[in-house]
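*Asks:* First, the structure itself, so that you have it in front of you.
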Amino acid sequence: MSEGTRFDGEVAIVTGGASGIGRASASLFANEGARVVIADVDEGKARRVAESIATAGGEVVVERVDLSSLSDLEALVERTAERFGQIDILANVAAIFPSASFMKTSPTAWDRIIDIDLKAVFFLTQAVARKMIEQNRGAIVNVASGAAFRPVPGMSAYSAAKGGLVAMTRTIAHELARYHIRVNVVAPGHTASETVRAQMSQRSLDAAADGLMAGRWLEPEETAEAIVFLASSAASGMSGAVINVNGGDFMPH
Amino acid sequence: MRFSGKVVIVTGAGSGVGRATALLYGKEGARILAADIDEGSAGKTVEKIRGAGGEAEPFHVDLSSRAQAHSMVEAAVDFFARLDVLANVAGIYPRAPVEKVTEEHLDRVLAVDLKGPFFACQAAVRAMKAQGGGVIVNVASGTAFYGLEEHAAYSAAKGGLVSVGRVVAVEAARHGIRLNTVVPGRTDTPGLRARGGSIPETGDTVPANERWMRPEEIAEVIVWCSSDGAGMVNGALLRVDGGWKML
C-alpha cells in the first residue's frame, strides 16, 4: 500500500464535503486515488473545493444535497450509482451544531438538529447500503463528536444526535457485516474548522486551547486521516468501532 | 514510507501479532528492536525484516522482570540512538477456571501482561521525554471489557493495562508523547493454535464479525495509531474485533 493509491478505482461519497472535516476528507480520498462525490448544501463552496481537488489531479463531482430531504438523499445515491456504477465508501461528515442551552432548545431546533445530524445519516446510510449489499462490500464512516460521550454545554440536542449516531452505528455494523460492509465512527474533539473559526475570535480560540490536552485545537485534516484510515483496507479488522481523535482530552471506554 | 528513520521496539516480536507488527514497521522503513522471550523466534523475525531490506536487531527479554524491561529500552537506544515507538504486544494467556487459578498462575500473568509493559512504558517515557516525543501502543484484549471464561487473571492484567494507559497518556501528553491502546478480539495466532481448540477459517469471504482476526489486521491498527497521521489520537481505545463484540 503506497501513498497515493490506497483507493484507486473506488468511489467515495463525502457529505459536508464543502468545508471543514468533510473538505479535508474529500481531498484526502482524492489524493489517494478515489473518485469523490462532494455532497453539500452549499453548492458554491462545494464547487470551489472540487476545483482545487481537480487542479491537484483528483477526480471529483459535486452534488447539491439538502440532508433534511429524503428524496435528495435517494437522488444522490441514484445519480452516483448511475455515474460510477459503484459506491465503495460513504463518509457521513455533514452536521449542524447551533448552540442553545437545554432550557432554551425549542422543538423546531431539536427537529432540525435531529433531522440533519441523525436522521439523514440513518437514511443515507440505508440508501447507500442497498448498493453496497449488491456489491457485497463497502465501508461507511460516521463522524460523531466528543459530545456523544461527555457534557458540552449548549449542545444537548446535538449530543443526543451524536450519541444516537454512535449507538446506531453498532447495530448497523452488526446487520451489514454479512455483506462485508464495515461501519465505524470517528469522534473528533475541538476542531478549528472554518465554521468554528467564523464563530469564535482568535483570542477565545487561544484561551480555549490552553485547556486542551495537546494545547491546541484539532485541524480538520487530523480527523480526516482517521476517517480515511477506517475506510481503507488497512482497517479490515475494524467494524462497529469508535476512534476518538481529541489529543487525549477525554478517554471514553 | 511512514516510519523512515524511526526506531521501534516491538515486544512479542517472535510470533503472532508481534511478528506481524514488526514486519509491517519494517516495511514502513523503521529500525526495529524485535524483543521476545524466545530469542530464536525473534531472530527469525529479524531475518525476514533484513531479507526485505529492513533493519532490525533481536533482543531477549523476560518481561516479568522490571530490570529486563528497562534494559530492553536501553538496548534500543544503544543500537539505534533513539526511540520513537514502543509497541507492547507480548502477552501470555493460560486458561484456568477461576477456582483453579493458583497464586503462581496469577503472579506470572500479572508479571508478563501488566508489570512488564508498565515498566517498559516507564523506561520509554524517560527516553522519549529526553528526545521530545514518541508514541506508545499497548495491546490489551477484549477480555478487559467482557467476560471470557477461563481468562480471569488475563482479564485482570489487560483491564489494568487499559487503565494504566490512560494515566500515561495524560501524564506524557505535555512531553509530546502519545499512548494508545489497541483492543483485539479473537485473533488467529500460533499461540492460540498451540493451545488447541478449533479456529475457523479467516478468509475474506467470511464476514469480519464471524471470522477470527488475522495478526496482520491488528498490526495495521497498531502501526496506524503510532503514525504521524494519527498525531491527535491519544489515550484512545482502538477495537479490532471485526464487529464481533463492539465493547
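Ligands are numbered from 1 in the order shown, chains are lettered A, B, ... in the order of the C-alpha cells, and residues start at 1 in each chain.
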Pick out the residues sitting within 7 Å of stretch 219-222 of chain B, and hand them over as a tab-separated table (two decimals) with N, CA and C atoms, in the first residue's frame; count only C-alpha atoms, and ignore anything fewer than 3 positions along from it in its own chain.
*Replies:*
chain	number	residue	atom	x	y	z
A	234	ALA	N	-6.70	-1.29	5.27
A	234	ALA	CA	-5.85	-1.48	6.46
A	234	ALA	C	-6.70	-1.65	7.72
A	235	ALA	N	-7.94	-1.15	7.68
A	235	ALA	CA	-8.83	-1.27	8.84
A	235	ALA	C	-9.82	-2.42	8.65
B	17	VAL	N	0.79	-11.57	16.56
B	17	VAL	CA	0.57	-10.14	16.32
B	17	VAL	C	1.90	-9.39	16.40
B	20	ALA	N	3.82	-9.90	13.12
B	20	ALA	CA	3.17	-9.15	12.03
B	20	ALA	C	3.43	-7.65	12.19
B	21	THR	N	3.43	-7.20	13.44
B	21	THR	CA	3.66	-5.77	13.70
B	21	THR	C	5.09	-5.38	13.35
B	137	VAL	N	2.20	2.14	22.10
B	137	VAL	CA	0.96	1.42	21.81
B	137	VAL	C	0.90	0.19	22.70
B	182	VAL	N	-4.69	-0.70	21.71
B	182	VAL	CA	-5.39	-1.48	20.69
B	182	VAL	C	-6.01	-2.69	21.37
B	215	PRO	N	-3.43	-11.73	12.40
B	215	PRO	CA	-2.45	-10.89	13.10
B	215	PRO	C	-2.14	-9.60	12.34
B	216	GLU	N	-2.11	-9.70	11.01
B	216	GLU	CA	-1.79	-8.52	10.19
B	216	GLU	C	-2.83	-7.41	10.35
B	225	CYS	N	-1.97	3.89	14.43
B	225	CYS	CA	-2.18	4.81	15.56
B	225	CYS	C	-0.85	5.30	16.13
B	226	SER	N	0.27	4.74	15.67
B	226	SER	CA	1.57	5.28	16.08
B	226	SER	C	2.19	6.15	14.98
*Asks:* When DSSP is applied to the backbone of this structure, which of stretch 154-196 of chain A are assigned strand (DSSP E or B)? Write them out as a list in words.
*Replies:* Met155, Ile181, Arg182, Val183, Asn184, Val185, Val186, Ala187, Pro188 and Thr191 of chain A
*Asks:* Could you dump the residues just selected with N, CA and C atoms as a PDB file, in the first residue's frame?
*Replies:*
ATOM      1  N   MET A 155     -25.131  22.081  23.880  1.00  0.00           N
ATOM      2  CA  MET A 155     -25.178  21.099  22.798  1.00  0.00           C
ATOM      3  C   MET A 155     -26.046  19.898  23.164  1.00  0.00           C
ATOM      4  N   ILE A 181     -19.682  -5.286   4.736  1.00  0.00           N
ATOM      5  CA  ILE A 181     -19.700  -3.827   4.845  1.00  0.00           C
ATOM      6  C   ILE A 181     -19.283  -3.477   6.270  1.00  0.00           C
ATOM      7  N   ARG A 182     -18.280  -2.647   6.399  1.00  0.00           N
ATOM      8  CA  ARG A 182     -17.839  -2.210   7.724  1.00  0.00           C
ATOM      9  C   ARG A 182     -18.387  -0.810   8.016  1.00  0.00           C
ATOM     10  N   VAL A 183     -18.806  -0.595   9.257  1.00  0.00           N
ATOM     11  CA  VAL A 183     -19.355   0.707   9.649  1.00  0.00           C
ATOM     12  C   VAL A 183     -18.673   1.140  10.940  1.00  0.00           C
ATOM     13  N   ASN A 184     -18.053   2.289  10.931  1.00  0.00           N
ATOM     14  CA  ASN A 184     -17.292   2.764  12.092  1.00  0.00           C
ATOM     15  C   ASN A 184     -17.558   4.236  12.364  1.00  0.00           C
ATOM     16  N   VAL A 185     -17.065   4.663  13.516  1.00  0.00           N
ATOM     17  CA  VAL A 185     -17.256   6.058  13.941  1.00  0.00           C
ATOM     18  C   VAL A 185     -15.901   6.719  14.210  1.00  0.00           C
ATOM     19  N   VAL A 186     -15.788   7.978  13.808  1.00  0.00           N
ATOM     20  CA  VAL A 186     -14.695   8.824  14.282  1.00  0.00           C
ATOM     21  C   VAL A 186     -15.322   9.916  15.142  1.00  0.00           C
ATOM     22  N   ALA A 187     -14.800  10.091  16.341  1.00  0.00           N
ATOM     23  CA  ALA A 187     -15.335  11.123  17.238  1.00  0.00           C
ATOM     24  C   ALA A 187     -14.265  12.185  17.484  1.00  0.00           C
ATOM     25  N   PRO A 188     -14.348  13.296  16.765  1.00  0.00           N
ATOM     26  CA  PRO A 188     -13.342  14.339  16.930  1.00  0.00           C
ATOM     27  C   PRO A 188     -13.597  15.184  18.179  1.00  0.00           C
ATOM     28  N   THR A 191     -12.391  21.038  17.128  1.00  0.00           N
ATOM     29  CA  THR A 191     -11.799  21.195  15.798  1.00  0.00           C
ATOM     30  C   THR A 191     -11.935  22.632  15.312  1.00  0.00           C
TER      31      THR A 191
END
*Asks:* Find the residue from A:Ala207, A:Ala50, A:Ala26, A:Ala167 that sits nearest to chain B; use only C-alpha atoms when measuring.
*Replies:*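 Smallest distance to chain B is found for A:Ala167.
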*Asks:* Show me, as JSON lines, the residues of chain A having an atom within 6 Å of chain B, each with the closest atom pair and its distance in Å, using only C-alpha atoms.
*Replies:*
{"residue": "A:Ala177", "atom": "CA", "partner": "B:Pro207", "partner_atom": "CA", "distance": 5.6}
{"residue": "A:Arg178", "atom": "CA", "partner": "B:Pro207", "partner_atom": "CA", "distance": 5.1}
{"residue": "A:His180", "atom": "CA", "partner": "B:Pro207", "partner_atom": "CA", "distance": 5.5}
{"residue": "A:Glu225", "atom": "CA", "partner": "B:Gly229", "partner_atom": "CA", "distance": 5.9}
{"residue": "A:Ala234", "atom": "CA", "partner": "B:Glu220", "partner_atom": "CA", "distance": 5.7}
{"residue": "A:Gly237", "atom": "CA", "partner": "B:Gly242", "partner_atom": "CA", "distance": 4.5}
{"residue": "A:Met238", "atom": "CA", "partner": "B:Val240", "partner_atom": "CA", "distance": 4.8}
{"residue": "A:Ser239", "atom": "CA", "partner": "B:Gly243", "partner_atom": "CA", "distance": 4.5}
{"residue": "A:Gly240", "atom": "CA", "partner": "B:Gly243", "partner_atom": "CA", "distance": 5.2}
{"residue": "A:Ala241", "atom": "CA", "partner": "B:Arg239", "partner_atom": "CA", "distance": 5.9}
{"residue": "A:Asn244", "atom": "CA", "partner": "B:Ala236", "partner_atom": "CA", "distance": 5.9}
{"residue": "A:Val245", "atom": "CA", "partner": "B:Val233", "partner_atom": "CA", "distance": 4.7}
{"residue": "A:Asn246", "atom": "CA", "partner": "B:Met232", "partner_atom": "CA", "distance": 5.8}
{"residue": "A:Gly247", "atom": "CA", "partner": "B:Met232", "partner_atom": "CA", "distance": 4.3}
{"residue": "A:Gly248", "atom": "CA", "partner": "B:Asn234", "partner_atom": "CA", "distance": 4.6}
{"residue": "A:Met251", "atom": "CA", "partner": "B:Gly235", "partner_atom": "CA", "distance": 5.9}
*Asks:* Just give me the gap between atom CA of B:Asp113 and atom CA of B:Gly133 in Å, one decimal is fine.
*Replies:*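 These two atoms are separated by 24.7 Å.
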*Asks:* Measure the distance from atom CA of A:Ala54 to atom CA of A:Ala30 in Å and round it to one decimal.
*Replies:*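 Atom CA of A:Ala54 sits 8.8 Å away from atom CA of A:Ala30.
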*Asks:* Could you pull out all residues of stretch 195-246 of chain A with a DSSP call of helix (DSSP H, G or I) and give them as a ChimeraX atom specification?
*Replies:* /A:195-199,202-210,220-231,233-235
*Asks:* Which polymer residues have any atom within 10 Å of an atom of A:Ala81, counting only C-alpha atoms, with same-chain residues fewer than 5 positions away left out, as a ChimeraX atom specification?
*Replies:* /A:11,75-76,86-87,128,131
